[in-house]
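What follows is protein07.txt (compact mmCIF, C-alpha atoms and all ligand atoms).
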# COMPACT_ATOMS: atom_id res chain seq x y z
CA ARG J 1431 -3.91 129.35 -114.85
CA TRP J 1432 -3.81 125.97 -116.50
CA GLN J 1433 -3.42 122.37 -115.52
CA VAL J 1434 -0.71 120.13 -116.93
CA ASN J 1435 -1.81 116.52 -117.21
CA PHE J 1436 1.22 114.29 -116.85
CA ASN J 1437 -0.68 111.28 -118.15
CA ALA J 1438 -1.30 112.91 -121.49
CA THR J 1439 1.35 112.16 -124.07
CA ASN J 1440 0.96 115.56 -125.71
CA TRP J 1441 1.03 117.83 -122.65
CA SER J 1442 4.24 119.52 -123.72
CA ASP J 1443 2.55 120.59 -126.95
CA ALA J 1444 -0.19 122.41 -125.09
CA ALA J 1445 -0.80 125.89 -126.49
CA GLU J 1446 -0.60 127.20 -122.94
CA ALA J 1447 3.01 125.99 -122.65
CA ALA J 1448 3.97 128.16 -125.62
CA GLN J 1449 2.10 131.11 -124.11
CA ALA J 1450 3.85 130.70 -120.75
CA ALA J 1451 7.22 130.53 -122.53
CA ALA J 1452 6.33 133.67 -124.51
CA ALA J 1453 5.39 135.44 -121.26
CA LEU J 1454 8.81 134.52 -119.81
CA ILE J 1455 10.59 135.91 -122.87
CA ALA J 1456 8.53 139.09 -122.51
CA GLY J 1457 9.87 139.50 -118.96
CA ALA J 1458 6.81 138.34 -116.99
CA LEU J 1459 6.73 136.12 -113.90
CA VAL J 1460 5.36 132.58 -114.24
CA ALA J 1461 4.95 130.04 -111.44
CA VAL J 1462 6.53 126.79 -112.62
CA PRO J 1463 6.53 123.50 -110.71
CA THR J 1464 9.65 121.41 -110.17
CA GLU J 1465 10.03 118.09 -108.36
CA THR J 1466 11.16 119.97 -105.22
CA VAL J 1467 8.89 123.01 -104.81
CA TYR J 1468 7.06 125.46 -107.11
CA GLY J 1469 9.37 128.15 -108.49
CA LEU J 1470 8.69 131.84 -109.17
CA ALA J 1471 10.25 131.89 -112.62
CA ALA J 1472 11.68 134.61 -114.84
CA ASP J 1473 14.13 134.83 -117.74
CA ALA J 1474 17.52 134.72 -115.97
CA THR J 1475 19.12 136.79 -118.74
CA ASN J 1476 16.67 139.68 -118.21
CA GLY J 1477 17.68 141.93 -115.29
CA GLU J 1478 14.30 143.66 -115.07
CA ALA J 1479 12.47 140.33 -114.98
CA CYS J 1480 14.81 139.15 -112.19
CA ALA J 1481 14.17 142.38 -110.30
CA ARG J 1482 10.44 141.56 -110.45
CA ILE J 1483 11.14 138.29 -108.63
CA TYR J 1484 12.71 140.10 -105.68
CA GLU J 1485 9.89 142.64 -105.66
CA ALA J 1486 7.12 140.01 -105.77
CA LYS J 1487 8.69 137.91 -103.00
CA GLY J 1488 9.52 140.92 -100.84
CA ARG J 1489 13.08 139.62 -100.53
CA PRO J 1490 15.02 141.96 -98.27
CA GLN J 1491 18.27 141.80 -100.23
CA PHE J 1492 19.30 140.69 -103.67
CA ASN J 1493 20.16 137.14 -102.73
CA PRO J 1494 21.39 135.17 -105.73
CA LEU J 1495 18.90 133.00 -107.60
CA ILE J 1496 19.20 129.48 -109.01
CA SER J 1497 19.14 129.32 -112.82
CA HIS J 1498 17.34 126.27 -114.19
CA VAL J 1499 18.45 124.75 -117.48
CA ASP J 1500 17.25 121.92 -119.68
CA SER J 1501 20.48 119.94 -119.91
CA PHE J 1502 24.09 119.69 -118.80
CA ALA J 1503 25.02 121.12 -122.22
CA GLN J 1504 22.96 124.26 -121.51
CA ALA J 1505 24.51 124.44 -118.01
CA ARG J 1506 28.01 124.49 -119.55
CA GLU J 1507 27.19 127.70 -121.42
CA HIS J 1508 26.85 129.42 -118.05
CA GLY J 1509 29.16 127.64 -115.62
CA LEU J 1510 32.67 126.19 -115.59
CA PHE J 1511 32.59 122.54 -114.57
CA SER J 1512 35.68 120.99 -112.97
CA PRO J 1513 36.04 117.19 -113.22
CA THR J 1514 34.31 116.85 -109.82
CA ALA J 1515 31.47 119.20 -110.79
CA THR J 1516 31.06 117.20 -114.00
CA ARG J 1517 30.84 113.93 -112.07
CA LEU J 1518 28.16 115.38 -109.79
CA ALA J 1519 26.17 116.76 -112.73
CA GLU J 1520 26.36 113.49 -114.63
CA ALA J 1521 25.37 111.42 -111.60
CA PHE J 1522 22.52 113.53 -110.23
CA TRP J 1523 21.01 115.63 -113.05
CA PRO J 1524 18.18 115.88 -113.79
CA GLY J 1525 17.36 116.00 -110.07
CA PRO J 1526 17.14 117.93 -106.79
CA LEU J 1527 20.76 119.18 -106.88
CA THR J 1528 22.02 122.74 -107.45
CA LEU J 1529 25.70 123.26 -108.27
CA VAL J 1530 27.41 126.58 -107.50
CA VAL J 1531 30.32 126.85 -109.93
CA PRO J 1532 32.44 129.67 -111.43
CA ARG J 1533 30.50 131.72 -113.94
CA ALA J 1534 31.50 131.02 -117.56
CA PRO J 1535 32.69 134.01 -119.64
CA THR J 1536 29.98 133.07 -122.19
CA SER J 1537 27.18 133.27 -119.63
CA THR J 1538 24.32 135.65 -120.40
CA ILE J 1539 22.80 135.29 -116.90
CA SER J 1540 21.98 138.71 -115.44
CA SER J 1541 24.09 139.98 -112.56
CA LEU J 1542 20.81 140.46 -110.73
CA ALA J 1543 20.32 136.69 -110.77
CA THR J 1544 23.87 136.07 -109.52
CA ALA J 1545 23.79 139.06 -107.13
CA GLY J 1546 27.01 140.21 -108.76
CA LEU J 1547 28.98 137.13 -107.69
CA ASP J 1548 31.52 135.47 -109.97
CA THR J 1549 29.77 132.14 -109.39
CA VAL J 1550 26.44 130.82 -110.69
CA ALA J 1551 23.93 128.40 -109.17
CA LEU J 1552 22.72 125.97 -111.84
CA ARG J 1553 20.22 123.14 -111.74
CA VAL J 1554 18.73 120.70 -114.24
CA PRO J 1555 15.50 119.78 -112.43
CA ALA J 1556 13.81 116.42 -112.80
CA GLY J 1557 10.44 118.20 -112.97
CA PRO J 1558 9.74 118.27 -116.74
CA VAL J 1559 7.72 121.51 -116.78
CA MET J 1560 10.66 123.71 -115.69
CA ARG J 1561 12.93 121.96 -118.20
CA LEU J 1562 10.30 122.51 -120.89
CA MET J 1563 10.27 126.25 -120.12
CA ALA J 1564 14.09 126.41 -120.40
CA ARG J 1565 13.93 124.50 -123.69
CA MET J 1566 11.06 126.48 -125.22
CA THR J 1567 12.56 129.86 -124.27
CA GLY J 1568 16.14 128.82 -124.99
CA ARG J 1569 17.02 130.75 -121.82
CA PRO J 1570 18.14 129.79 -118.33
CA ILE J 1571 15.16 130.28 -115.99
CA ALA J 1572 15.80 132.01 -112.65
CA ALA J 1573 13.48 130.76 -109.93
CA PRO J 1574 13.41 130.92 -106.15
CA SER J 1575 10.63 129.15 -104.30
CA ALA J 1576 7.25 130.76 -105.16
CA ASN J 1577 6.39 132.05 -101.68
CA LEU J 1578 6.65 135.41 -99.94
CA SER J 1579 10.07 135.85 -98.36
CA GLY J 1580 10.34 134.06 -95.03
CA ARG J 1581 7.14 132.03 -95.45
CA ILE J 1582 6.60 128.31 -96.01
CA SER J 1583 7.71 127.05 -99.44
CA PRO J 1584 4.89 126.00 -101.83
CA THR J 1585 4.41 122.40 -102.89
CA THR J 1586 1.02 122.88 -104.61
CA ALA J 1587 -0.41 125.46 -107.02
CA ASP J 1588 -2.90 126.56 -104.33
CA ASP J 1589 -0.01 127.38 -101.99
CA VAL J 1590 1.49 129.60 -104.70
CA ALA J 1591 -1.80 131.33 -105.45
CA ARG J 1592 -2.30 132.24 -101.79
CA ASP J 1593 1.03 134.13 -101.65
CA LEU J 1594 1.61 135.45 -105.16
CA GLU J 1595 -1.40 135.27 -107.47
CA THR J 1596 -1.43 139.01 -108.25
CA SER J 1597 2.22 138.98 -109.37
CA LEU J 1598 1.83 136.14 -111.85
CA THR J 1599 1.03 136.04 -115.54
CA TRP J 1600 0.68 132.25 -115.50
CA LEU J 1601 0.51 129.69 -112.73
CA ILE J 1602 1.28 126.24 -114.09
CA ASP J 1603 -0.38 123.57 -111.99
CA ALA J 1604 1.15 120.11 -112.22
CA GLY J 1605 -0.11 118.78 -108.90
CA PRO J 1606 1.88 118.31 -105.67
CA CYS J 1607 5.69 118.25 -105.81
CA ARG J 1608 7.18 114.77 -105.52
CA VAL J 1609 10.24 115.65 -103.38
CA GLY J 1610 8.76 118.49 -101.32
CA VAL J 1611 11.93 120.16 -99.98
CA GLU J 1612 14.22 122.42 -102.01
CA SER J 1613 17.28 121.17 -103.85
CA THR J 1614 20.55 120.31 -102.13
CA ILE J 1615 23.06 123.08 -102.91
CA LEU J 1616 26.74 122.16 -103.35
CA ALA J 1617 29.50 124.68 -104.02
CA VAL J 1618 32.26 123.17 -106.14
CA GLU J 1619 35.59 125.00 -106.13
CA GLY J 1620 38.00 122.93 -108.17
CA GLU J 1621 37.72 119.50 -106.59
CA THR J 1622 36.48 120.80 -103.20
CA VAL J 1623 32.77 120.30 -102.50
CA THR J 1624 30.90 122.16 -99.74
CA LEU J 1625 27.29 121.61 -98.71
CA LEU J 1626 25.62 125.05 -98.72
CA ARG J 1627 22.09 123.77 -98.07
CA PRO J 1628 20.83 120.25 -97.31
CA GLY J 1629 17.89 119.36 -99.54
CA GLY J 1630 16.18 116.79 -101.69
CA LEU J 1631 19.36 114.86 -102.54
CA ALA J 1632 20.71 113.11 -99.44
CA ARG J 1633 24.26 113.92 -98.29
CA GLU J 1634 24.95 110.17 -98.16
CA ASP J 1635 24.34 109.85 -101.91
CA VAL J 1636 26.82 112.65 -102.66
CA GLU J 1637 29.43 111.21 -100.28
CA ALA J 1638 29.01 107.73 -101.78
CA LEU J 1639 29.74 109.11 -105.25
CA LEU J 1640 32.75 111.19 -104.12
CA GLY J 1641 34.08 108.49 -101.80
CA HIS J 1642 34.63 110.90 -98.87
CA PRO J 1643 32.65 113.05 -96.41
CA ILE J 1644 31.74 116.63 -97.37
CA ALA J 1645 31.83 119.68 -95.10
CA SER J 1646 28.82 121.89 -94.45
CA ALA J 1647 29.10 125.63 -94.96
CA GLN J 1648 27.74 126.10 -91.42
CA GLN J 1649 30.76 124.21 -90.06
CA LEU J 1650 33.13 126.28 -92.15
CA ASP J 1651 31.46 129.62 -91.71
CA GLY J 1652 29.87 129.85 -88.25
CA ASP J 1653 27.30 132.61 -87.94
CA THR J 1654 28.77 135.14 -90.35
CA ALA J 1655 27.08 136.32 -93.54
CA PRO J 1656 24.80 133.66 -94.96
CA LEU J 1657 26.11 131.92 -98.07
CA ALA J 1658 22.57 130.91 -99.00
CA PRO J 1659 19.42 132.74 -97.81
CA GLY J 1660 18.00 129.43 -96.75
CA MET J 1661 20.64 129.92 -94.06
CA LEU J 1662 19.02 133.06 -92.62
CA SER J 1663 17.82 132.13 -89.16
CA SER J 1664 14.05 132.67 -89.39
CA HIS J 1665 12.71 131.15 -92.58
CA TYR J 1666 9.87 128.79 -93.50
CA ALA J 1667 7.88 130.40 -90.70
CA PRO J 1668 4.26 129.43 -90.04
CA ASN J 1669 2.13 131.87 -88.00
CA ALA J 1670 2.16 129.51 -85.03
CA GLY J 1671 5.31 129.12 -82.93
CA VAL J 1672 7.27 125.92 -83.50
CA ARG J 1673 8.71 123.70 -80.72
CA LEU J 1674 11.12 120.94 -81.76
CA ASN J 1675 11.93 117.46 -80.39
CA ALA J 1676 8.71 117.29 -78.42
CA THR J 1677 8.29 114.18 -76.28
CA GLU J 1678 4.95 115.49 -74.93
CA VAL J 1679 2.17 117.60 -76.41
CA LEU J 1680 1.30 120.67 -74.32
CA ALA J 1681 -2.21 122.12 -74.01
CA GLY J 1682 -3.30 124.04 -77.12
CA GLU J 1683 -0.52 122.71 -79.35
CA ALA J 1684 -0.89 121.01 -82.71
CA LEU J 1685 1.36 118.00 -83.34
CA LEU J 1686 3.62 117.36 -86.31
CA ALA J 1687 4.28 113.65 -85.82
CA PHE J 1688 6.68 111.18 -87.43
CA GLY J 1689 6.54 107.40 -87.32
CA PRO J 1690 4.21 104.93 -85.67
CA GLU J 1691 4.73 106.18 -82.10
CA LEU J 1692 3.23 109.50 -81.01
CA PRO J 1693 4.63 111.71 -78.21
CA GLY J 1694 2.89 111.65 -74.82
CA GLN J 1695 -0.49 113.44 -74.42
CA ALA J 1696 -1.02 113.26 -78.20
CA ASP J 1697 -4.75 112.90 -77.51
CA GLN J 1698 -4.85 116.52 -76.30
CA ALA J 1699 -3.32 117.88 -79.53
CA ARG J 1700 -5.50 120.43 -81.30
CA ALA J 1701 -4.66 118.78 -84.61
CA ILE J 1702 -2.26 116.04 -85.66
CA PHE J 1703 -0.41 115.71 -88.98
CA ASN J 1704 1.80 112.65 -89.30
CA LEU J 1705 4.61 113.22 -91.82
CA SER J 1706 4.98 109.48 -92.29
CA PRO J 1707 3.19 106.97 -90.07
CA SER J 1708 5.59 104.26 -91.32
CA GLY J 1709 8.67 106.39 -90.53
CA ASP J 1710 9.78 106.92 -94.16
CA LEU J 1711 11.93 110.09 -94.44
CA THR J 1712 11.34 110.52 -98.18
CA GLU J 1713 7.59 110.52 -97.64
CA ALA J 1714 8.08 112.91 -94.70
CA ALA J 1715 10.04 115.40 -96.84
CA ALA J 1716 7.32 115.38 -99.48
CA ARG J 1717 4.68 116.14 -96.83
CA LEU J 1718 6.65 118.59 -94.65
CA PHE J 1719 5.50 121.98 -95.97
CA SER J 1720 1.87 120.94 -96.49
CA GLY J 1721 1.89 119.56 -92.93
CA LEU J 1722 3.14 122.86 -91.50
CA ARG J 1723 0.47 124.73 -93.48
CA ALA J 1724 -2.29 122.36 -92.36
CA LEU J 1725 -1.36 122.66 -88.68
CA ASP J 1726 -1.04 126.44 -88.99
CA ALA J 1727 -4.58 126.53 -90.36
CA SER J 1728 -5.83 124.64 -87.28
CA GLY J 1729 -5.47 127.88 -85.31
CA ALA J 1730 -3.17 126.33 -82.70
CA SER J 1731 -0.88 128.82 -80.97
CA ALA J 1732 2.07 126.48 -81.33
CA ILE J 1733 3.13 123.45 -83.33
CA CYS J 1734 5.17 120.83 -81.52
CA VAL J 1735 7.31 118.53 -83.62
CA ALA J 1736 8.25 114.94 -82.78
CA PRO J 1737 11.96 114.03 -83.05
CA ILE J 1738 13.00 113.22 -86.62
CA PRO J 1739 16.16 111.24 -87.44
CA PHE J 1740 18.98 113.07 -89.23
CA GLN J 1741 19.92 110.53 -91.88
CA GLY J 1742 18.95 110.73 -95.55
CA LEU J 1743 16.39 113.47 -96.22
CA GLY J 1744 16.11 113.86 -92.44
CA GLU J 1745 18.99 116.37 -92.62
CA ALA J 1746 16.97 118.68 -94.89
CA ILE J 1747 13.77 118.17 -92.85
CA ASN J 1748 15.53 119.06 -89.58
CA ASP J 1749 17.20 122.06 -91.27
CA ARG J 1750 13.84 123.49 -92.42
CA LEU J 1751 12.17 122.78 -89.07
CA SER J 1752 14.92 124.47 -87.07
CA ARG J 1753 14.51 127.56 -89.27
CA ALA J 1754 10.74 127.45 -88.77
CA ALA J 1755 11.42 127.36 -85.00
CA ALA J 1756 14.06 130.13 -85.03
CA PRO J 1757 13.30 133.41 -83.23
CA ARG J 1758 11.48 135.81 -85.58
CA SER J 1759 13.09 139.16 -86.17
O1 LIG H 1 14.57 123.34 -105.17
C1 LIG H 1 14.99 124.49 -105.30
O2 LIG H 1 16.20 124.76 -105.20
C2 LIG H 1 13.97 125.59 -105.62
C3 LIG H 1 13.35 125.26 -106.96
C4 LIG H 1 12.42 126.32 -107.46
O3 LIG H 1 14.36 124.96 -107.89
N1 LIG H 1 14.58 126.88 -105.62
C5 LIG H 1 15.01 127.48 -104.48
O4 LIG H 1 15.51 128.75 -104.67
O5 LIG H 1 14.96 126.96 -103.40
P1 LIG H 1 15.82 129.76 -103.47
O6 LIG H 1 15.99 131.11 -104.09
O7 LIG H 1 14.79 129.66 -102.40
O8 LIG H 1 17.20 129.32 -102.97
C6 LIG H 1 18.35 129.54 -103.78
C7 LIG H 1 19.56 129.39 -102.95
C8 LIG H 1 19.74 130.56 -102.04
O9 LIG H 1 19.96 130.07 -100.74
C9 LIG H 1 20.96 131.27 -102.61
O10 LIG H 1 21.71 131.97 -101.65
C10 LIG H 1 21.73 130.14 -103.20
O11 LIG H 1 20.73 129.33 -103.78
N2 LIG H 1 22.63 130.61 -104.25
C11 LIG H 1 22.30 131.02 -105.47
N3 LIG H 1 23.40 131.42 -106.14
C12 LIG H 1 24.44 131.27 -105.32
C13 LIG H 1 25.82 131.51 -105.42
N4 LIG H 1 26.37 131.98 -106.53
N5 LIG H 1 26.60 131.22 -104.36
C14 LIG H 1 26.04 130.71 -103.23
N6 LIG H 1 24.72 130.47 -103.06
C15 LIG H 1 23.93 130.74 -104.10
MG MG H 2 13.00 129.70 -100.70

Show the structure stored in the file as structure tokens.
Amino acid sequence: RWQVNFNATNWSDAAEAAQAAAALIAGALVAVPTETVYGLAADATNGEACARIYEAKGRPQFNPLISHVDSFAQAREHGLFSPTATRLAEAFWPGPLTLVVPRAPTSTISSLATAGLDTVALRVPAGPVMRLMARMTGRPIAAPSANLSGRISPTTADDVARDLETSLTWLIDAGPCRVGVESTILAVEGETVTLLRPGGLAREDVEALLGHPIASAQQLDGDTAPLAPGMLSSHYAPNAGVRLNATEVLAGEALLAFGPELPGQADQARAIFNLSPSGDLTEAAARLFSGLRALDASGASAICVAPIPFQGLGEAINDRLSRAAAPRS
């Protein structure tokens, strides 16, 4: 386990970076930070290495994985980009956006990473460590969030270690993730764009670029088979129960607050974590998963959550919270 110091000018030359890249090429699992969450990374072209990801996470099915690349040029080796997909890539990469596009005939991504689909999920992250791994290995890097299936996504190296330390060859620690919720996933079929998962890039920014509203997969596809596992009902689950849109704190509950005003009876909360006392949704997204973990650790039987607006990153925050509150199967 090694620490990357972003203030050092030579961090990308660190000997450990070369060793982590070599481990990836050898088929091992490495935890790699991105600007959204920490990823459980493997060589996307190596089927056995991808199988290890599913095994380590305890993922119930072979849900497709996102492949991370260093540049749009590397993305084009694996996906076919329509004019609209190209505009999105050029506007928002590197960044918290994943594009699901038709798989290119030249792609070497394993069918275990794509779950046998004829599409691929590609992302050029803003987090430089993941891009460095793609560049040093020369391979696309498959990585879901580095947590056990169904648990809270990790935004620090300690979070990753708690869930997965025994599965990892390297855990690259670059401090807390800046964005804090997973990437926004857009499917692009020709010029039609569908939101598969709200995330770290706000819907408004995508709609402003395209000049029209975009549909959500949920609207298109009701409650049938999930298009993205983030869409399974119970996900991001703390041990405590979760109660949304709380206007009052009940006895024994911990409070996940937002903004300057607290719900009624806040003084009887077992613990309080304010996502953003000033009411800033970007700050709230960055603190969401660590807040859920902190309140879970308080031992409260339930976490009540103050209402959070739906605009900007509020859409992704509300999406993750409603999954955390969903009935557990
Ligand atoms: O921010 C993120 O996106 C993080 C970091 C590590 O990059 N990764 C992440 O991966 O959240 P994961 O596995 O938790 O979510 C990947 C999502 C899944 O919901 C999956 O169904 C969807 O991407 N996905 C992947 N390939 C797809 C495809 N071909 N069609 C539709 N959905 C796809
Ligand atoms: Mg995940």

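Taking atom CA of J:Ser1613 and atom CA of J:Gly1630 as endpoints, the distance between them is 5.0 Å.
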
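Ranking J:Ala1445, J:Ala1576, J:Ala1543, J:Val1554 by their shortest atom-to-atom distance to ligand MG 2 (chain H), with all atoms listed in the file included, puts J:Ala1576 first.
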
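Contacts with ligand MG 2 (chain H) are defined as any residue atom within 10 Å of a ligand atom, using all atoms listed in the file; the residues meeting this criterion are Val1467, Tyr1468, Gly1469, Leu1470, Lys1487, Arg1489, Leu1495, Ala1573, Pro1574, Ser1575, Ala1576, Asn1577, Leu1578, Ser1579, Gly1580, Arg1581, Ile1582, Ser1583, Pro1584, Val1611, Glu1612, Ala1658, Pro1659, Gly1660, His1665 and Tyr1666 of chain J.
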
Just-selected residues, C-alpha atoms written as a PDB file, in the coordinates of the input:
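Output file selection-v6.pdb follows:
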ATOM      1  CA  VAL J1467       8.890 123.010-104.810  1.00  0.00           C
ATOM      2  CA  TYR J1468       7.060 125.460-107.110  1.00  0.00           C
ATOM      3  CA  GLY J1469       9.370 128.150-108.490  1.00  0.00           C
ATOM      4  CA  LEU J1470       8.690 131.840-109.170  1.00  0.00           C
ATOM      5  CA  LYS J1487       8.690 137.910-103.000  1.00  0.00           C
ATOM      6  CA  ARG J1489      13.080 139.620-100.530  1.00  0.00           C
ATOM      7  CA  LEU J1495      18.900 133.000-107.600  1.00  0.00           C
ATOM      8  CA  ALA J1573      13.480 130.760-109.930  1.00  0.00           C
ATOM      9  CA  PRO J1574      13.410 130.920-106.150  1.00  0.00           C
ATOM     10  CA  SER J1575      10.630 129.150-104.300  1.00  0.00           C
ATOM     11  CA  ALA J1576       7.250 130.760-105.160  1.00  0.00           C
ATOM     12  CA  ASN J1577       6.390 132.050-101.680  1.00  0.00           C
ATOM     13  CA  LEU J1578       6.650 135.410 -99.940  1.00  0.00           C
ATOM     14  CA  SER J1579      10.070 135.850 -98.360  1.00  0.00           C
ATOM     15  CA  GLY J1580      10.340 134.060 -95.030  1.00  0.00           C
ATOM     16  CA  ARG J1581       7.140 132.030 -95.450  1.00  0.00           C
ATOM     17  CA  ILE J1582       6.600 128.310 -96.010  1.00  0.00           C
ATOM     18  CA  SER J1583       7.710 127.050 -99.440  1.00  0.00           C
ATOM     19  CA  PRO J1584       4.890 126.000-101.830  1.00  0.00           C
ATOM     20  CA  VAL J1611      11.930 120.160 -99.980  1.00  0.00           C
ATOM     21  CA  GLU J1612      14.220 122.420-102.010  1.00  0.00           C
ATOM     22  CA  ALA J1658      22.570 130.910 -99.000  1.00  0.00           C
ATOM     23  CA  PRO J1659      19.420 132.740 -97.810  1.00  0.00           C
ATOM     24  CA  GLY J1660      18.000 129.430 -96.750  1.00  0.00           C
ATOM     25  CA  HIS J1665      12.710 131.150 -92.580  1.00  0.00           C
ATOM     26  CA  TYR J1666       9.870 128.790 -93.500  1.00  0.00           C
TER      27      TYR J1666
END

Residues near J:Ala1736, cut-off 10 Å, all atoms listed in the file, skip fewer than 3 positions along chain, as a short mmCIF file (atom, residue, chain, number, x, y, z; two decimals) with C-alpha atoms, keeping the file's coordinate frame:
data_model
loop_
_atom_site.label_atom_id
_atom_site.label_comp_id
_atom_site.auth_asym_id
_atom_site.auth_seq_id
_atom_site.Cartn_x
_atom_site.Cartn_y
_atom_site.Cartn_z
CA ARG J 1673 8.71 123.70 -80.72
CA LEU J 1674 11.12 120.94 -81.76
CA ASN J 1675 11.93 117.46 -80.39
CA ALA J 1676 8.71 117.29 -78.42
CA THR J 1677 8.29 114.18 -76.28
CA GLU J 1678 4.95 115.49 -74.93
CA VAL J 1679 2.17 117.60 -76.41
CA LEU J 1685 1.36 118.00 -83.34
CA LEU J 1686 3.62 117.36 -86.31
CA ALA J 1687 4.28 113.65 -85.82
CA PHE J 1688 6.68 111.18 -87.43
CA GLY J 1689 6.54 107.40 -87.32
CA GLU J 1691 4.73 106.18 -82.10
CA LEU J 1692 3.23 109.50 -81.01
CA PRO J 1693 4.63 111.71 -78.21
CA ASN J 1704 1.80 112.65 -89.30
CA LEU J 1705 4.61 113.22 -91.82
CA ILE J 1733 3.13 123.45 -83.33
CA PRO J 1739 16.16 111.24 -87.44
#

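The gap separating atom CA of J:Leu1751 from atom CA of J:Ala1556 is 24.6 Å, in Å to one decimal.
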
Long-range neighbours of stretch 1724-1727 of chain J as a ChimeraX atom specification, 9 Å cut-off, all atoms listed in the file, 2 positions minimum in chain: /J:1668-1670,1684-1686,1700-1703,1719-1722,1729-1733

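Between atom CA of J:Asp1710 and atom CA of J:Pro1606 lies a distance of 18.0 Å.
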
Polymer residues at most 10 Å from stretch 1473-1483 of chain J, only C-alpha atoms, same-chain spacing of 4 or more positions, as an NGL selection string: :J and (1451 or 1453-1460 or 1487-1489 or 1492 or 1495-1498 or 1537-1544 or 1563-1564 or 1567-1574 or 1576 or 1597)

Can I get a file of stretch 1556-1567 of chain J from the given structure, N, CA and C atoms kept, as a CSV table (one decimal), in the first residue's frame?
chain,number,residue,atom,x,y,z
J,1556,ALA,N,-11.1,12.0,-14.6
J,1556,ALA,CA,-10.3,13.2,-14.3
J,1556,ALA,C,-9.2,12.8,-13.3
J,1557,GLY,N,-9.5,11.8,-12.5
J,1557,GLY,CA,-8.5,11.4,-11.5
J,1557,GLY,C,-7.3,10.9,-12.2
J,1558,PRO,N,-6.1,11.5,-12.0
J,1558,PRO,CA,-4.9,11.2,-12.8
J,1558,PRO,C,-4.3,9.8,-12.5
J,1559,VAL,N,-4.6,9.2,-11.4
J,1559,VAL,CA,-4.0,7.9,-11.1
J,1559,VAL,C,-4.5,6.8,-12.0
J,1560,MET,N,-5.9,6.8,-12.1
J,1560,MET,CA,-6.5,5.8,-13.0
J,1560,MET,C,-6.0,6.0,-14.5
J,1561,ARG,N,-5.9,7.2,-14.9
J,1561,ARG,CA,-5.4,7.5,-16.3
J,1561,ARG,C,-4.0,7.0,-16.4
J,1562,LEU,N,-3.2,7.2,-15.4
J,1562,LEU,CA,-1.8,6.8,-15.4
J,1562,LEU,C,-1.7,5.2,-15.5
J,1563,MET,N,-2.6,4.5,-14.8
J,1563,MET,CA,-2.6,3.1,-14.9
J,1563,MET,C,-2.9,2.6,-16.3
J,1564,ALA,N,-3.9,3.3,-17.0
J,1564,ALA,CA,-4.3,2.9,-18.3
J,1564,ALA,C,-3.1,3.2,-19.3
J,1565,ARG,N,-2.4,4.3,-19.0
J,1565,ARG,CA,-1.3,4.7,-19.9
J,1565,ARG,C,-0.1,3.8,-19.7
J,1566,MET,N,0.2,3.5,-18.4
J,1566,MET,CA,1.4,2.6,-18.2
J,1566,MET,C,1.2,1.2,-18.6
J,1567,THR,N,0.0,0.7,-18.5
J,1567,THR,CA,-0.3,-0.7,-19.0
J,1567,THR,C,-0.6,-0.7,-20.5
